[in-house]
Every structure is written in C-alpha cells, then in structure tokens.
$ cat target32.txt   # compact mmCIF, C-alpha atoms
# COMPACT_ATOMS: atom_id res chain seq x y z
CA MET F 14 -4.51 -35.96 -5.42
CA MET F 15 -2.79 -32.70 -4.34
CA GLN F 16 -3.16 -31.78 -0.68
CA MET F 17 -4.92 -28.43 -0.21
CA GLU F 18 -2.90 -25.85 1.67
CA ARG F 19 -4.71 -25.02 4.90
CA ASN F 20 -6.01 -21.56 5.67
CA ILE F 21 -3.97 -19.13 7.75
CA LYS F 22 -5.77 -18.79 11.10
CA VAL F 23 -6.00 -15.20 12.36
CA LEU F 24 -7.06 -13.81 15.74
CA VAL F 25 -8.06 -10.12 15.80
CA VAL F 26 -7.39 -8.32 19.11
CA ASP F 27 -8.87 -4.81 19.36
CA ASP F 28 -10.98 -2.99 21.94
CA SER F 29 -13.13 -1.45 19.19
CA ALA F 30 -16.10 -3.61 18.21
CA VAL F 31 -16.27 -1.75 14.89
CA VAL F 32 -12.64 -2.53 14.04
CA ARG F 33 -13.08 -6.17 15.03
CA LYS F 34 -16.15 -6.43 12.79
CA VAL F 35 -14.52 -4.66 9.82
CA PHE F 36 -11.34 -6.73 10.01
CA ALA F 37 -13.24 -10.00 10.34
CA GLU F 38 -15.51 -9.16 7.39
CA GLU F 39 -12.74 -7.91 5.10
CA LEU F 40 -10.33 -10.75 5.86
CA SER F 41 -13.04 -13.39 5.43
CA ARG F 42 -13.21 -12.35 1.76
CA GLU F 43 -9.52 -13.11 1.27
CA ARG F 44 -8.60 -16.53 -0.10
CA GLY F 45 -6.52 -18.65 2.26
CA ILE F 46 -7.25 -16.55 5.37
CA GLU F 47 -9.66 -17.52 8.14
CA VAL F 48 -10.51 -15.29 11.11
CA VAL F 49 -10.89 -17.90 13.86
CA GLY F 50 -11.83 -15.38 16.53
CA THR F 51 -11.73 -11.84 17.89
CA ALA F 52 -10.92 -10.47 21.34
CA PRO F 53 -11.64 -7.07 22.97
CA ASP F 54 -8.61 -7.18 25.29
CA PRO F 55 -5.44 -9.18 26.06
CA TYR F 56 -7.10 -11.27 28.79
CA VAL F 57 -9.72 -12.66 26.41
CA ALA F 58 -7.03 -12.94 23.72
CA ARG F 59 -4.81 -15.05 25.99
CA ASP F 60 -7.53 -17.66 26.45
CA LYS F 61 -8.41 -17.69 22.75
CA ILE F 62 -4.77 -18.07 21.68
CA VAL F 63 -4.44 -21.23 23.78
CA ARG F 64 -7.78 -22.60 22.55
CA LEU F 65 -7.76 -21.57 18.87
CA LYS F 66 -3.99 -21.70 18.17
CA PRO F 67 -3.92 -18.90 15.57
CA ASP F 68 -1.09 -18.61 13.07
CA VAL F 69 -1.11 -14.79 13.13
CA LEU F 70 -2.33 -12.18 15.61
CA THR F 71 -3.41 -8.63 14.77
CA LEU F 72 -2.95 -6.50 17.88
CA ASP F 73 -4.13 -3.03 18.84
CA ILE F 74 -1.60 -1.41 21.18
CA GLU F 75 -3.85 1.11 22.93
CA MET F 76 -6.31 -0.98 24.97
CA PRO F 77 -7.83 -0.93 28.47
CA ARG F 78 -7.05 -3.48 31.22
CA MET F 79 -3.63 -4.37 29.74
CA ASP F 80 -1.89 -2.31 27.05
CA GLY F 81 -0.71 -3.98 23.87
CA LEU F 82 3.01 -3.57 24.58
CA THR F 83 2.79 -5.31 27.95
CA PHE F 84 0.80 -8.11 26.36
CA LEU F 85 3.27 -8.36 23.48
CA LYS F 86 6.23 -8.77 25.88
CA LYS F 87 4.44 -11.61 27.67
CA LEU F 88 3.39 -13.20 24.39
CA MET F 89 6.93 -13.19 22.98
CA GLN F 90 8.22 -14.80 26.15
CA TYR F 91 5.65 -17.54 26.64
CA TYR F 92 3.80 -18.08 23.34
CA PRO F 93 5.70 -16.43 20.46
CA LEU F 94 3.82 -16.12 17.19
CA PRO F 95 3.73 -13.66 14.27
CA VAL F 96 2.11 -10.36 15.33
CA ILE F 97 0.91 -7.48 13.16
CA ILE F 98 0.41 -4.24 15.08
CA VAL F 99 -2.70 -2.22 14.27
CA SER F 100 -2.31 1.38 15.35
CA SER F 101 -3.93 4.78 15.06
CA LEU F 102 -2.25 7.42 12.91
CA THR F 103 -1.45 9.60 15.93
CA LYS F 104 2.10 10.49 16.97
CA LYS F 105 1.64 8.48 20.16
CA GLY F 106 0.31 5.52 18.17
CA SER F 107 3.25 5.57 15.77
CA LYS F 108 5.81 5.69 18.60
CA LEU F 109 4.14 2.77 20.38
CA ALA F 110 4.06 0.83 17.11
CA LEU F 111 7.81 1.33 16.64
CA GLU F 112 8.43 0.11 20.16
CA ALA F 113 6.31 -2.95 19.40
CA LEU F 114 8.54 -3.74 16.40
CA THR F 115 11.59 -3.78 18.67
CA LEU F 116 9.74 -6.15 21.01
CA GLY F 117 9.14 -8.74 18.30
CA ALA F 118 6.12 -7.64 16.25
CA LEU F 119 6.78 -8.17 12.55
CA GLU F 120 4.59 -5.56 10.84
CA VAL F 121 2.57 -2.45 11.50
CA ILE F 122 -0.57 -1.25 9.76
CA ALA F 123 -2.70 1.87 10.26
CA LYS F 124 -6.34 1.73 11.24
CA PRO F 125 -8.63 2.95 8.45
CA SER F 126 -9.24 6.70 8.53
CA ALA F 127 -10.56 9.37 6.21
CA SER F 128 -7.32 9.29 4.21
CA TYR F 129 -6.83 5.53 4.40
CA SER F 130 -9.72 3.46 3.09
CA VAL F 131 -10.91 0.10 4.38
CA GLY F 132 -10.24 -1.33 0.90
CA ASP F 133 -6.57 -0.27 0.93
CA MET F 134 -6.21 -1.55 4.47
CA SER F 135 -7.71 -4.96 3.78
CA VAL F 136 -5.50 -5.62 0.76
CA GLN F 137 -2.35 -4.61 2.63
CA LEU F 138 -3.34 -6.46 5.80
CA ALA F 139 -4.05 -9.67 3.89
CA ASP F 140 -0.67 -9.40 2.13
CA LYS F 141 1.09 -8.87 5.44
CA ILE F 142 -0.72 -11.80 7.05
CA ARG F 143 0.38 -14.11 4.23
CA ALA F 144 3.97 -12.90 4.54
CA VAL F 145 4.36 -13.18 8.32
CA ALA F 146 2.47 -16.48 8.64
CA ARG F 147 5.59 -18.29 7.38
CA VAL F 148 7.94 -16.60 9.86
CA LYS F 149 9.23 -18.69 12.75
CA VAL F 150 9.18 -16.37 15.78
CA ALA F 151 11.69 -17.21 18.52
CA ALA F 152 10.86 -16.79 22.20
CA ARG F 153 12.50 -13.89 24.03
CA SER F 154 13.48 -14.34 27.64
CA GLY F 155 11.83 -11.70 29.75
CA GLY F 156 10.06 -10.38 26.67
CA GLY F 157 12.98 -8.02 26.11
CA GLU F 158 14.06 -6.27 22.97
CA ASN F 159 15.48 -8.02 19.97
CA PRO F 160 18.85 -9.50 20.98
CA ASN F 161 20.10 -8.95 17.41
CA GLU F 162 19.26 -5.25 17.26
CA SER F 163 22.53 -3.89 18.71
CA PRO F 164 24.65 -1.93 16.25
CA LEU F 165 26.83 -3.92 13.91
CA PRO F 166 30.62 -3.64 14.35
CA ARG F 167 31.68 -0.38 12.72
CA PRO F 168 34.16 -1.08 9.93
CA VAL F 169 37.15 1.16 9.33
CA SER F 170 37.13 2.54 5.79
CA ARG F 171 39.83 4.99 4.72
CA ALA F 172 38.16 5.26 1.33
CA LEU F 173 35.47 7.45 2.85
CA THR F 174 37.90 10.30 3.43
CA THR F 175 38.07 10.80 -0.34
CA THR F 176 34.66 9.52 -1.40
CA THR F 177 32.36 12.25 -2.70
CA ASN F 178 29.25 12.41 -4.86
CA LYS F 179 28.19 8.87 -3.99
CA ILE F 180 24.61 7.92 -3.12
CA ILE F 181 23.34 4.85 -1.27
CA ALA F 182 19.71 3.80 -1.82
CA ILE F 183 18.12 1.22 0.49
CA GLY F 184 14.73 -0.49 0.22
CA ALA F 185 13.03 -2.66 2.86
CA SER F 186 9.67 -3.99 4.00
CA THR F 187 8.74 -6.68 6.57
CA GLY F 188 11.55 -6.90 9.15
CA GLY F 189 13.19 -3.83 7.68
CA THR F 190 12.87 -1.47 10.63
CA GLU F 191 15.28 -3.54 12.72
CA ALA F 192 17.58 -4.30 9.77
CA LEU F 193 17.78 -0.59 8.92
CA LYS F 194 18.48 0.29 12.53
CA ALA F 195 21.35 -2.19 12.61
CA ILE F 196 22.81 -0.77 9.38
CA LEU F 197 22.33 2.95 9.99
CA THR F 198 23.60 2.90 13.57
CA SER F 199 26.81 1.30 12.25
CA MET F 200 27.48 3.85 9.51
CA PRO F 201 30.25 6.42 10.14
CA PRO F 202 29.11 10.04 10.41
CA ASN F 203 30.68 11.01 7.06
CA ALA F 204 29.12 8.18 5.02
CA PRO F 205 27.64 9.11 1.63
CA GLY F 206 24.06 10.40 1.56
CA ILE F 207 21.55 7.58 2.08
CA LEU F 208 18.00 7.40 0.73
CA VAL F 209 15.64 4.90 2.39
CA VAL F 210 12.25 3.51 1.45
CA GLN F 211 10.73 1.42 4.24
CA HIS F 212 7.15 0.28 3.66
CA MET F 213 5.26 2.07 6.44
CA PRO F 214 2.02 4.00 6.81
CA ALA F 215 1.93 7.80 6.91
CA ASN F 216 3.06 9.41 10.21
CA PHE F 217 4.91 6.25 11.30
CA THR F 218 7.92 7.25 9.20
CA THR F 219 8.21 10.53 11.16
CA SER F 220 8.69 8.67 14.44
CA PHE F 221 10.93 6.10 12.73
CA ALA F 222 13.26 8.83 11.41
CA GLU F 223 13.36 10.58 14.79
CA ARG F 224 14.24 7.33 16.53
CA LEU F 225 17.02 6.50 14.07
CA ASP F 226 18.38 10.05 14.34
CA SER F 227 18.73 9.62 18.12
CA LEU F 228 20.66 6.36 17.65
CA SER F 229 22.85 7.10 14.61
CA GLU F 230 26.00 9.14 14.06
CA MET F 231 24.56 10.22 10.71
CA SER F 232 21.77 12.80 10.65
CA VAL F 233 18.43 11.08 9.92
CA LYS F 234 15.23 12.87 8.91
CA GLU F 235 11.96 12.21 7.15
CA ALA F 236 12.42 13.54 3.64
CA GLU F 237 10.80 16.77 2.51
CA ASP F 238 10.50 17.85 -1.09
CA GLY F 239 13.74 19.51 -2.20
CA ASP F 240 15.97 18.13 0.59
CA GLY F 241 19.60 17.86 -0.53
CA VAL F 242 21.37 14.50 -0.60
CA ILE F 243 24.68 15.08 1.16
CA ASN F 244 27.34 13.12 3.02
CA GLY F 245 26.34 12.35 6.60
CA ARG F 246 22.58 12.58 5.98
CA VAL F 247 19.89 9.87 5.74
CA LEU F 248 16.52 10.73 4.19
CA ILE F 249 13.56 8.43 4.94
CA ALA F 250 10.70 8.46 2.43
CA PRO F 251 7.51 9.68 4.17
CA GLY F 252 4.65 7.19 4.42
CA ASN F 253 2.06 7.53 1.62
CA PHE F 254 4.46 9.48 -0.66
CA HIS F 255 6.97 8.35 -3.26
CA MET F 256 10.55 9.65 -3.01
CA LEU F 257 12.66 10.15 -6.14
CA LEU F 258 16.23 11.29 -6.67
CA LYS F 259 16.75 14.37 -8.87
CA ARG F 260 19.84 16.29 -9.93
CA SER F 261 20.56 19.91 -10.73
CA GLY F 262 24.13 20.40 -11.92
CA ALA F 263 26.33 18.79 -9.29
CA ARG F 264 23.59 18.93 -6.63
CA TYR F 265 21.47 15.91 -5.79
CA PHE F 266 18.10 16.41 -4.10
CA VAL F 267 14.88 14.47 -3.57
CA GLN F 268 11.41 14.95 -4.91
CA VAL F 269 8.58 13.85 -2.60
CA LYS F 270 5.34 13.37 -4.49
CA ASP F 271 1.99 11.63 -4.67
CA GLY F 272 1.27 9.07 -7.36
CA PRO F 273 -0.27 5.66 -7.92
CA MET F 274 0.81 2.78 -5.70
CA VAL F 275 3.49 0.51 -7.15
CA HIS F 276 3.35 -3.13 -6.00
CA HIS F 277 0.53 -1.96 -3.65
CA GLN F 278 3.07 0.38 -2.02
CA ARG F 279 3.53 4.12 -1.58
CA PRO F 280 6.41 4.82 -1.03
CA SER F 281 7.75 2.27 -3.48
CA VAL F 282 11.32 0.99 -3.56
CA ASP F 283 11.12 0.58 -7.36
CA VAL F 284 10.23 4.26 -7.80
CA LEU F 285 13.28 5.31 -5.76
CA PHE F 286 15.71 2.83 -7.33
CA LYS F 287 14.69 3.68 -10.91
CA SER F 288 15.20 7.40 -10.27
CA VAL F 289 18.61 6.67 -8.72
CA ALA F 290 19.55 4.67 -11.83
CA ASP F 291 18.50 7.60 -14.04
CA TYR F 292 20.20 10.41 -12.12
CA ALA F 293 23.16 8.84 -10.29
CA GLY F 294 24.08 5.80 -12.39
CA GLU F 295 27.53 4.48 -11.50
CA ASN F 296 27.80 6.94 -8.60
CA ALA F 297 25.16 4.96 -6.72
CA LEU F 298 24.86 1.80 -4.67
CA GLY F 299 21.56 -0.02 -4.09
CA VAL F 300 20.71 -2.32 -1.18
CA ILE F 301 17.56 -4.43 -1.01
CA LEU F 302 16.68 -5.78 2.42
CA THR F 303 14.16 -8.16 3.99
CA GLY F 304 10.57 -7.78 2.83
CA MET F 305 7.60 -9.41 1.18
CA GLY F 306 6.75 -9.16 -2.49
CA ALA F 307 8.86 -7.92 -5.39
CA ASP F 308 9.04 -4.15 -4.87
CA GLY F 309 12.57 -2.94 -5.66
CA ALA F 310 13.75 -5.93 -7.69
CA ALA F 311 13.22 -4.35 -11.12
CA GLY F 312 14.58 -1.04 -9.84
CA LEU F 313 17.73 -2.68 -8.49
CA LEU F 314 18.25 -4.36 -11.88
CA LYS F 315 17.93 -0.98 -13.59
CA MET F 316 20.52 0.43 -11.17
CA ARG F 317 22.93 -2.39 -11.95
CA GLN F 318 22.42 -1.92 -15.69
CA ALA F 319 23.19 1.79 -15.21
CA GLY F 320 26.56 0.91 -13.63
CA ALA F 321 25.62 1.10 -9.94
CA ARG F 322 26.86 -1.41 -7.38
CA THR F 323 24.10 -3.59 -5.92
CA ILE F 324 23.61 -5.72 -2.79
CA ALA F 325 20.82 -8.04 -1.65
CA GLN F 326 20.42 -9.32 1.91
CA ASP F 327 20.82 -13.10 2.14
CA GLU F 328 18.01 -15.53 2.97
CA GLN F 329 19.40 -16.62 6.35
CA THR F 330 19.25 -13.12 7.87
CA CYS F 331 15.97 -11.97 6.26
CA VAL F 332 12.74 -12.05 8.24
CA VAL F 333 10.93 -12.48 4.90
CA PHE F 334 13.02 -13.47 1.87
CA GLY F 335 10.73 -11.94 -0.75
CA MET F 336 12.15 -8.74 -2.23
CA PRO F 337 15.80 -9.87 -2.14
CA LYS F 338 14.85 -13.26 -3.61
CA GLU F 339 13.14 -11.60 -6.59
CA ALA F 340 16.11 -9.28 -7.12
CA ILE F 341 18.59 -12.18 -7.01
CA LYS F 342 16.41 -14.23 -9.36
CA MET F 343 16.51 -11.55 -12.07
CA GLY F 344 20.26 -10.93 -11.73
CA ALA F 345 19.92 -7.53 -10.07
CA ALA F 346 22.22 -8.28 -7.13
CA GLU F 347 25.97 -8.06 -7.65
CA ALA F 348 26.52 -9.40 -4.13
CA VAL F 349 24.35 -11.38 -1.70
CA ILE F 350 25.42 -10.53 1.86
CA PRO F 351 24.21 -11.37 5.40
CA LEU F 352 22.92 -8.40 7.37
CA HIS F 353 26.03 -8.18 9.56
CA GLY F 354 28.25 -7.82 6.48
CA ILE F 355 26.27 -5.20 4.57
CA VAL F 356 27.85 -2.08 6.10
CA GLN F 357 31.41 -3.29 5.46
CA LYS F 358 30.58 -4.30 1.86
CA THR F 359 28.72 -1.04 1.22
CA LEU F 360 31.64 1.11 2.38
CA GLN F 361 34.09 -0.96 0.33
CA MET F 362 31.94 -0.61 -2.79
CA VAL F 363 31.33 3.15 -2.55
CA GLY F 364 35.08 3.67 -2.02
CA ALA F 365 36.03 1.46 -4.95
CA ARG F 366 35.40 3.84 -7.81
CA GLU F 367 37.45 6.97 -7.53

$ encode --input "target32.txt" --output "structure tokens"
Amino acid sequence: MMQMERNIKVLVVDDSAVVRKVFAEELSRERGIEVVGTAPDPYVARDKIVRLKPDVLTLDIEMPRMDGLTFLKKLMQYYPLPVIIVSSLTKKGSKLALEALTLGALEVIAKPSASYSVGDMSVQLADKIRAVARVKVAARSGGGENPNESPLPRPVSRALTTTTNKIIAIGASTGGTEALKAILTSMPPNAPGILVVQHMPANFTTSFAERLDSLSEMSVKEAEDGDGVINGRVLIAPGNFHMLLKRSGARYFVQVKDGPMVHHQRPSVDVLFKSVADYAGENALGVILTGMGADGAAGLLKMRQAGARTIAQDEQTCVVFGMPKEAIKMGAAEAVIPLHGIVQKTLQMVGARE
C-alpha cells in the first residue's frame, strides 16, 4: 500500500485577527496544507514554532512588540525554516519585504486589498507554500544577509565593444530576487538591454528596481509602456502587468499591458519570452532562473526555435528547480549553467554573433 504524503504544516504569524482568520480558512481548503496554528506576534510565534514544528511560516513584517525583520534575523540564526513574507502594498511595506528576502525569506505575497482578491491570494499563497516547503534553509550566523548575495566576479568581454542590437530576457520566481541581484550587479555598464520578469506583487517591483539601480552599474528601472530597450538599461516588468517586447524599425521598446494571468502569473515570463522570440529572434538571449512552476519554459523554447541563445540555471544553485527543470525537459535550454557562471556565458553568447 502506498504511503500517503503528509500535509505541509503552516504557522500564520500576523497581528491582524482578520488576516489570521482569512488565511487559516482559505488554506484549510487547499489539499495537502494544514494550518497548525496562528500567532499575533513573534513572541507567541516563537513558542508555537518550538511546540508545533511547522514546515512553513507566513510572516507579517509590520507588527507590535517585535517587528518581523528582527524576528526573521533571530529565526534564521536559531531555527531556520522556509518563510513567506506577507506585506501591505505600501511603499514602506514593499521595501521591508525586499529586506526580508535578503535576510533569508523565500517569497513575498501581498495582503488582499481592493485590487487583489482573497481568491487570487489564496491560490498564489498555496502554490508558494508547496514550493518553499521542500527548500532546505541553512542557518545564518548572526542572522545576517545572504552570504552568497555579493556580486559575481565581473568577466572581461571585449565582444561588448562591438555588440549592438542584442536583447537579454530573464525570467525568475522563487529565489529570483537574490539571483537577479547577483547577475545584474555583475553586468558591465554597456551590456545589452535587459528585460526582466520576476514574479512579484504590484508596488514591490518599484522598490526592487530602485534597489537594483542603486547597486548596479547598469541603469535599472520599473518598465513603463513605451520605454526603449537600449544598451546599459534594465527594465523590470511591473507587478500585475505583462511586459512584451515590440519593435518599430530598428528601435526596440516595451509594451506594458493588462491581460489574463498566465500560469497564475501577471507578469508572466512566457508572455515576455514569446514576444522576444517574435520581435528579436536570433538577436536575443533568454535566461530562465530559479522558480516554481513552468512559467517561461514554453517561451524559452519558442526563443530557441527562433534562433535565440538560451540558458537555464542549474539545479544545484536554484532555490526551487521548477521553471528551469521544465525548460530543460522540453529542450528549450541550449546551456545549463550554475548561477555564478551565467554572466560570463551570457556575455560570450551575445558577443558570438556579429
């Protein structure tokens, strides 16, 4: 007789009784997920973690008595486990959420609001819980930032002095914020234009782009409809909008638009990659990074079939080997590369076709 897979045990930590109730009710409807408890603050959470031994924690970061970031640092030092940050859609909330990701949290989700229904939230939260439950979280001494988040060694590429009209498209989900930071802070200032889809709620992408811009030699901004794709610039798809590549004569630009979710995602990596295949073809390079699900796999295959170069992050360096695994499985990835080798390989590939 087959052994039944046990439920994923979740502890919900939030100072709002309404949020605790909604999360517990919504998640209890999801197969394979069990809310073993809730806590109104980190002190109650600490005791329940020891007693209930949850597999995953959802954590509000703006709480009384002890703020979520302080608690997260202590947690990652003494009792590391997968954490999903639950944050308001405010600018302050999004900045705190990004800081939490550098401290070891694996995902971020927005609290339900007028523009973000409880139904959408519960589906996404359940998916994220299933994805992060399998992640082995390492302890961090002193609860400090990710020791692997420093910029990668910057490769020397003479090809870039003559490379023009190239476009790099990158897609990522769970674990992607840190992977993207490592890649983009290692790119030279004259690298080809880069388009990025990172699965993130609305508003969070604004803070994410601002943070990357302060760390990178390239210019990084949240994409606006009509923005040109040029050397030295990175455009991040805004949360809750798809980003597509378009072309007018020799000029590449992006279209930012609404539309149905693809793979439960908006922005979707597939939407970006398929547009890059259509409008840039062999002038493009696609990179699919760590993340849950299959978003981007079919789009990367379309890019490769259109003559683009394609890279998938390898299993060993992925936080969640979902999206790259699906891309590799369908033959979409020309090369499978560890995170620390992606910048070098990317610059070699975009300089290879002159």

$ residues_around --input "target32.txt" --residues "Lys108 of chain F" --least-positions-apart "4" --cutoff "9 Å" --atoms "all atoms listed in the file" --output "short mmCIF file (atom, residue, chain, number, x, y, z; two decimals) with C-alpha atoms, in the frame of the given file"
data_model
loop_
_atom_site.label_atom_id
_atom_site.label_comp_id
_atom_site.auth_asym_id
_atom_site.auth_seq_id
_atom_site.Cartn_x
_atom_site.Cartn_y
_atom_site.Cartn_z
CA THR F 103 -1.45 9.60 15.93
CA LYS F 104 2.10 10.49 16.97
CA GLU F 112 8.43 0.11 20.16
CA ALA F 113 6.31 -2.95 19.40
CA PHE F 217 4.91 6.25 11.30
CA SER F 220 8.69 8.67 14.44
CA PHE F 221 10.93 6.10 12.73
CA ARG F 224 14.24 7.33 16.53
#

$ closest_residue --input "target32.txt" --among "F:Ile21, F:Met213, F:Val349, F:Val35" --to "Ser107 of chain F" --atoms "only C-alpha atoms"
F:Met213

$ atom_distance --input "target32.txt" --atom1 "atom CA of Ile97 of chain F" --atom2 "atom CA of Gln326 of chain F"
22.6 Å

$ closest_residue --input "target32.txt" --among "F:Thr359, F:Ser135, F:Gln278, F:Asn20" --to "Ile207 of chain F" --atoms "only C-alpha atoms"
F:Thr359

$ residues_around --input "target32.txt" --residues "Arg78 of chain F" --least-positions-apart "3" --cutoff "12 Å" --atoms "all atoms listed in the file" --output "MDAnalysis selection string"
chainID F and resid 28 53:57 74:75 81 83:84

$ residues_around --input "target32.txt" --residues "Leu208 of chain F" --least-positions-apart "5" --cutoff "7 Å" --atoms "all atoms listed in the file" --output "NGL selection string"
:F and (181-183 or 247-249)

$ axis_aligned_box --input "target32.txt" --around "segment 315-329 of chain F" --padding-each-side "3 Å" --output "lines of an AutoDock Vina configuration file"
center_x = 22.4
center_y = -7.4
center_z = -4.7
size_x = 14.9
size_y = 24.4
size_z = 28.0

$ residues_around --input "target32.txt" --residues "Pro251 of chain F" --least-positions-apart "5" --cutoff "10 Å" --atoms "only C-alpha atoms" --output "PDB file with C-alpha atoms, in the frame of the given file"
ATOM      1  CA  VAL F 209      15.640   4.900   2.390  1.00  0.00           C
ATOM      2  CA  VAL F 210      12.250   3.510   1.450  1.00  0.00           C
ATOM      3  CA  GLN F 211      10.730   1.420   4.240  1.00  0.00           C
ATOM      4  CA  HIS F 212       7.150   0.280   3.660  1.00  0.00           C
ATOM      5  CA  MET F 213       5.260   2.070   6.440  1.00  0.00           C
ATOM      6  CA  PRO F 214       2.020   4.000   6.810  1.00  0.00           C
ATOM      7  CA  ALA F 215       1.930   7.800   6.910  1.00  0.00           C
ATOM      8  CA  ASN F 216       3.060   9.410  10.210  1.00  0.00           C
ATOM      9  CA  PHE F 217       4.910   6.250  11.300  1.00  0.00           C
ATOM     10  CA  THR F 218       7.920   7.250   9.200  1.00  0.00           C
ATOM     11  CA  THR F 219       8.210  10.530  11.160  1.00  0.00           C
ATOM     12  CA  PHE F 221      10.930   6.100  12.730  1.00  0.00           C
ATOM     13  CA  ALA F 222      13.260   8.830  11.410  1.00  0.00           C
ATOM     14  CA  LYS F 234      15.230  12.870   8.910  1.00  0.00           C
ATOM     15  CA  GLU F 235      11.960  12.210   7.150  1.00  0.00           C
ATOM     16  CA  ALA F 236      12.420  13.540   3.640  1.00  0.00           C
ATOM     17  CA  GLU F 237      10.800  16.770   2.510  1.00  0.00           C
ATOM     18  CA  MET F 256      10.550   9.650  -3.010  1.00  0.00           C
ATOM     19  CA  VAL F 269       8.580  13.850  -2.600  1.00  0.00           C
ATOM     20  CA  LYS F 270       5.340  13.370  -4.490  1.00  0.00           C
ATOM     21  CA  ARG F 279       3.530   4.120  -1.580  1.00  0.00           C
ATOM     22  CA  PRO F 280       6.410   4.820  -1.030  1.00  0.00           C
TER      23      PRO F 280
END
